[in-house]
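*Asks:* Structure file coords_31.txt, compact mmCIF, C-alpha atoms, is pasted below:
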```
# COMPACT_ATOMS: atom_id res chain seq x y z
CA MET M 1 15.84 -22.87 9.58
CA TYR M 2 14.29 -19.39 9.80
CA LYS M 3 16.17 -18.35 12.94
CA PRO M 4 18.64 -16.09 11.06
CA LEU M 5 15.73 -14.20 9.52
CA THR M 6 13.76 -13.77 12.75
CA GLU M 7 16.91 -12.60 14.56
CA TRP M 8 17.75 -10.18 11.74
CA PHE M 9 14.22 -8.73 11.75
CA LYS M 10 14.32 -8.29 15.53
CA LYS M 11 17.68 -6.53 15.31
CA HIS M 12 16.62 -4.46 12.28
CA LEU M 13 13.31 -3.31 13.77
CA GLY M 14 14.62 -2.89 17.32
CA LYS M 15 12.03 -1.64 19.80
CA GLU M 16 9.31 -1.47 17.12
CA VAL M 17 8.46 -5.12 17.80
CA GLU M 18 8.51 -7.23 20.93
CA LYS M 19 9.26 -10.44 19.05
CA VAL M 20 9.43 -11.96 15.57
CA THR M 21 8.03 -15.44 14.94
CA ILE M 22 7.24 -17.85 12.14
CA SER M 23 3.53 -18.50 11.59
CA ASN M 24 1.62 -21.26 9.85
CA LYS M 25 -1.62 -19.26 10.09
CA LEU M 26 -0.79 -16.87 7.23
CA GLU M 27 -1.86 -17.83 3.71
CA ASP M 28 -1.48 -14.90 1.29
CA ASP M 29 0.34 -12.23 3.30
CA PRO M 30 4.11 -12.34 3.78
CA VAL M 31 3.87 -10.71 7.22
CA PHE M 32 1.26 -9.81 9.82
CA ILE M 33 1.43 -7.99 13.12
CA LEU M 34 -0.37 -9.23 16.20
CA THR M 35 -0.69 -7.85 19.70
CA SER M 36 -0.97 -9.73 22.97
CA GLN M 37 -4.40 -10.74 24.18
CA TYR M 38 -4.44 -8.26 27.05
CA GLY M 39 -2.33 -5.52 25.49
CA TYR M 40 -3.34 -2.49 23.46
CA SER M 41 -4.88 -3.21 20.08
CA ALA M 42 -4.32 -1.14 16.95
CA THR M 43 -7.58 0.72 17.58
CA MET M 44 -6.69 1.52 21.19
CA GLU M 45 -3.28 2.78 20.08
CA LYS M 46 -4.97 5.10 17.55
CA ILE M 47 -7.37 6.41 20.19
CA ASN M 48 -4.50 6.98 22.61
CA ARG M 49 -2.52 8.91 20.00
CA ALA M 50 -5.54 11.04 19.11
CA GLN M 51 -6.04 12.38 22.63
CA ALA M 52 -6.20 16.17 22.57
CA PHE M 53 -3.47 16.85 25.12
CA ALA M 54 -1.36 13.77 24.59
CA ASN M 55 2.33 14.48 24.42
CA GLN M 56 3.55 11.75 22.10
CA GLU M 57 7.19 12.33 22.96
CA LYS M 58 6.52 11.49 26.61
CA ALA M 59 4.05 8.68 25.95
CA ALA M 60 4.78 5.74 28.19
CA SER M 61 5.85 2.55 26.47
CA TYR M 62 3.02 0.66 28.18
CA MET M 63 0.55 2.81 26.22
CA LEU M 64 1.79 1.39 22.91
CA ALA M 65 0.84 -2.04 21.64
CA LYS M 66 3.36 -4.83 22.14
CA LYS M 67 3.71 -6.00 18.56
CA THR M 68 4.62 -9.48 17.37
CA LEU M 69 5.74 -9.71 13.75
CA GLU M 70 4.66 -13.01 12.22
CA LEU M 71 6.39 -14.22 9.05
CA ASN M 72 4.83 -16.54 6.48
CA PRO M 73 7.51 -19.17 5.75
CA HIS M 74 5.70 -20.29 2.59
CA HIS M 75 5.64 -16.86 0.92
CA PRO M 76 8.21 -16.39 -1.88
CA VAL M 77 9.22 -12.93 -0.60
CA ILE M 78 10.08 -14.32 2.83
CA LYS M 79 12.01 -17.22 1.26
CA GLU M 80 14.07 -14.78 -0.84
CA LEU M 81 14.64 -12.51 2.15
CA LEU M 82 15.85 -15.51 4.15
CA SER M 83 18.32 -16.52 1.43
CA ARG M 84 19.75 -12.99 1.25
CA VAL M 85 20.07 -12.68 5.04
CA LYS M 86 21.75 -16.11 5.23
CA ALA M 87 24.15 -15.21 2.40
CA ALA M 88 25.15 -11.97 4.13
CA SER M 89 25.68 -13.65 7.49
CA ALA M 90 27.68 -16.53 5.90
CA ALA M 91 29.96 -13.98 4.26
CA GLY M 92 30.27 -12.08 7.53
CA GLU M 93 28.85 -8.93 5.93
CA GLU M 94 26.02 -6.59 6.71
CA VAL M 95 22.73 -7.18 4.94
CA GLU M 96 22.52 -5.00 1.82
CA PRO M 97 20.81 -1.60 2.28
CA GLU M 98 18.27 -2.57 -0.39
CA VAL M 99 17.29 -5.69 1.59
CA GLN M 100 17.04 -3.62 4.77
CA GLU M 101 14.73 -1.24 2.92
CA TYR M 102 12.55 -4.17 1.82
CA GLY M 103 12.45 -5.42 5.42
CA THR M 104 11.19 -2.04 6.58
CA LEU M 105 8.69 -1.99 3.73
CA LEU M 106 7.40 -5.43 4.74
CA TYR M 107 7.04 -4.26 8.34
CA ASN M 108 5.12 -1.15 7.28
CA MET M 109 2.87 -3.27 5.05
CA GLY M 110 2.19 -5.47 8.07
CA LEU M 111 1.35 -2.40 10.16
CA LEU M 112 -1.18 -1.16 7.62
CA ASN M 113 -2.66 -4.60 7.09
CA SER M 114 -3.07 -5.03 10.86
CA GLY M 115 -4.72 -1.63 11.38
CA PHE M 116 -1.79 0.31 12.84
CA MET M 117 -0.53 3.73 11.81
CA ILE M 118 2.88 4.16 10.21
CA GLU M 119 5.23 6.35 12.27
CA ASP M 120 7.25 7.55 9.29
CA PRO M 121 5.21 7.53 6.05
CA THR M 122 8.27 8.38 3.94
CA SER M 123 9.87 5.08 4.96
CA PHE M 124 6.88 3.45 3.28
CA ILE M 125 6.45 5.75 0.28
CA ASN M 126 10.07 5.98 -0.93
CA PRO M 127 10.57 2.21 -1.44
CA LEU M 128 7.14 2.01 -3.10
CA GLN M 129 8.11 4.71 -5.57
CA LYS M 130 11.29 2.81 -6.42
CA LEU M 131 9.31 -0.41 -6.92
CA LEU M 132 6.88 1.41 -9.22
CA LYS M 133 9.77 2.66 -11.35
CA VAL M 134 11.20 -0.87 -11.61
CA GLY M 135 7.73 -2.24 -12.38
CA PHE M 136 7.47 0.13 -15.33
CA GLY M 137 10.90 -0.87 -16.60
CA LEU M 138 12.74 2.24 -15.40
CA ARG M 139 15.86 2.40 -13.26
CA LYS M 140 14.93 2.62 -9.58
CA ASP M 141 17.05 5.76 -9.27
CA ALA M 142 15.75 7.37 -12.49
CA PRO M 143 15.77 11.16 -12.01
CA ILE M 144 12.68 13.29 -12.31
CA GLU M 145 12.93 15.33 -15.50
CA GLU M 146 11.13 18.62 -15.64
CA ILE M 147 9.24 19.34 -18.84
CA GLU M 148 7.51 22.46 -20.02
CA VAL M 149 3.74 22.18 -19.88
CA ASP M 150 1.37 24.61 -21.64
CA ILE M 151 -1.51 24.78 -19.20
CA ALA M 152 -3.52 27.29 -21.28
CA GLY M 153 -3.30 25.00 -24.31
CA ASP M 154 -4.69 22.12 -22.27
CA ASP M 155 -7.76 24.18 -21.29
CA GLU M 156 -8.56 24.96 -24.95
CA ALA M 157 -8.25 21.29 -25.89
CA ASP M 158 -10.56 20.33 -23.02
CA GLU M 159 -13.17 22.86 -24.15
CA ALA M 160 -13.05 21.56 -27.74
CA ALA M 161 -13.51 18.00 -26.52
CA GLN M 162 -16.53 19.00 -24.43
CA GLU M 163 -18.41 20.57 -27.36
CA THR M 164 -21.19 18.25 -28.48
CA PRO M 165 -22.51 17.91 -32.03
CA GLU M 166 -26.06 19.02 -32.79
CA GLU M 167 -28.65 16.41 -31.93
CA PRO M 168 -30.94 15.07 -34.67
CA ASP M 169 -34.55 16.18 -34.85
CA VAL M 170 -36.44 13.89 -32.50
CA GLU M 171 -39.91 15.25 -33.39
CA GLY M 172 -39.76 13.79 -36.91
CA GLU M 173 -39.17 10.33 -35.51
CA ALA M 174 -42.13 10.67 -33.16
CA GLU M 175 -44.46 11.50 -36.08
CA VAL M 176 -43.46 8.34 -37.91
CA ASP M 177 -44.14 6.29 -34.82
CA ASP M 178 -47.51 7.99 -34.27
CA GLY M 179 -48.53 7.24 -37.87
CA SER M 180 -47.68 3.59 -37.63
CA GLU M 181 -49.51 3.33 -34.30
CA GLU M 182 -52.66 4.85 -35.85
CA ALA M 183 -52.42 2.44 -38.78
CA ARG M 184 -52.29 -0.52 -36.40
CA ARG M 185 -55.37 0.71 -34.52
CA GLU M 186 -57.37 1.02 -37.75
CA GLU M 187 -56.47 -2.52 -38.74
CA LEU M 188 -57.94 -3.82 -35.45
```
Take the structure in the file and give it back as structure tokens.
*Replies:*
Amino acid sequence: MYKPLTEWFKKHLGKEVEKVTISNKLEDDPVFILTSQYGYSATMEKINRAQAFANQEKAASYMLAKKTLELNPHHPVIKELLSRVKAASAAGEEVEPEVQEYGTLLYNMGLLNSGFMIEDPTSFINPLQKLLKVGFGLRKDAPIEEIEVDIAGDDEADEAAQETPEEPDVEGEAEVDDGSEEARREEL
């Protein structure tokens, strides 16, 4: 049932993952990334990349973790992704660019959730910014509009807000309390 989705993810992600599988272990997350028992973990991959004289362009493939992308078949996002991939393949078309972007976003979310570093942070940030715009009811391609901001005026407003009113005379209150305390002692 999920074979079209696992094959699409493997093709879409290419050499980023060794394999894509369906998992019944996941509860809340749509995806998770695992490594083999004897392979590099996320922490070892970070240590390897942080080496002082490491040349990342010539890093051997064996020095990178062999990643397995696990999909949660019960998650609504994965179910929707499956329906879109199936619809595209039934029509003999390519999967929409938007769906491909969401697939990459899911993979990057899995990387972060599993402790890995993201190779290309912009591939994670750009779709998130679009989702934020849609979440706030804006068009996902809404342009950034420059506005004129009076920075000096903001400083004056901040200073006025920081001014505190004069505090009431606290000594007068203490005298009243002292008098009532003395009156109580005399009564005893």
*Asks:* Compile the contact shell of range 102-111 of chain M as a PyMOL selection string: residues with an atom at most 7 Å away, counting only C-alpha atoms, same-chain residues fewer than 6 positions apart removed.
*Replies:* chain M and resi 31-33+117-118+124+127
*Asks:* Using only C-alpha atoms, pick whichever of M:Gln129, M:Ser23, M:Thr6, M:Ser123 has the shortest atom-to-atom distance to Asn72 in chain M.
*Replies:* M:Ser23
*Asks:* Return the single residue from M:Pro76, M:Pro30, M:Gly92, M:Pro97 that is closest to His12 in chain M, with distances computed using all atoms listed in the file.
*Replies:*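 Ranked by minimum distance to His12 in chain M, first place goes to M:Pro97.
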*Asks:* For His75 in chain M, which residue out of M:Asn24, M:Glu119, M:Asn113, M:Glu98 is the nearest one, using only C-alpha atoms?
*Replies:* M:Asn24
*Asks:* List as a list in words the protein and nucleic acid residues near Glu18 in chain M, meaning an atom at most 7 Å away when only C-alpha atoms are counted, but skip any in the same chain fewer than 4 places from it.
*Replies:*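 So the residues in contact are Lys66, Lys67 and Thr68 of chain M.
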*Asks:* Measuring atom to atom with all atoms listed in the file, identify which of M:Met1, M:Leu71, M:Leu13, M:Ile125 is nearest to Gln100 in chain M.
*Replies:*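 Of all the options, M:Leu13 lies closest to Gln100 in chain M.
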*Asks:* Work out how far CA of Glu93 in chain M is from CA of Arg139 in chain M, in Å to one decimal.
*Replies:*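 It comes out at 25.8 Å.
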*Asks:* Would you mind reading off the distance between CA of Trp8 in chain M and CA of Thr35 in chain M, one decimal, in Å?
*Replies:*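 Distance reported for this atom pair: 20.2 Å.
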*Asks:* What is the CA of Ile22 in chain M-CA of Pro73 in chain M distance in Å, reported with one decimal?
*Replies:*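 Between CA of Ile22 in chain M and CA of Pro73 in chain M the gap works out to 6.5 Å.
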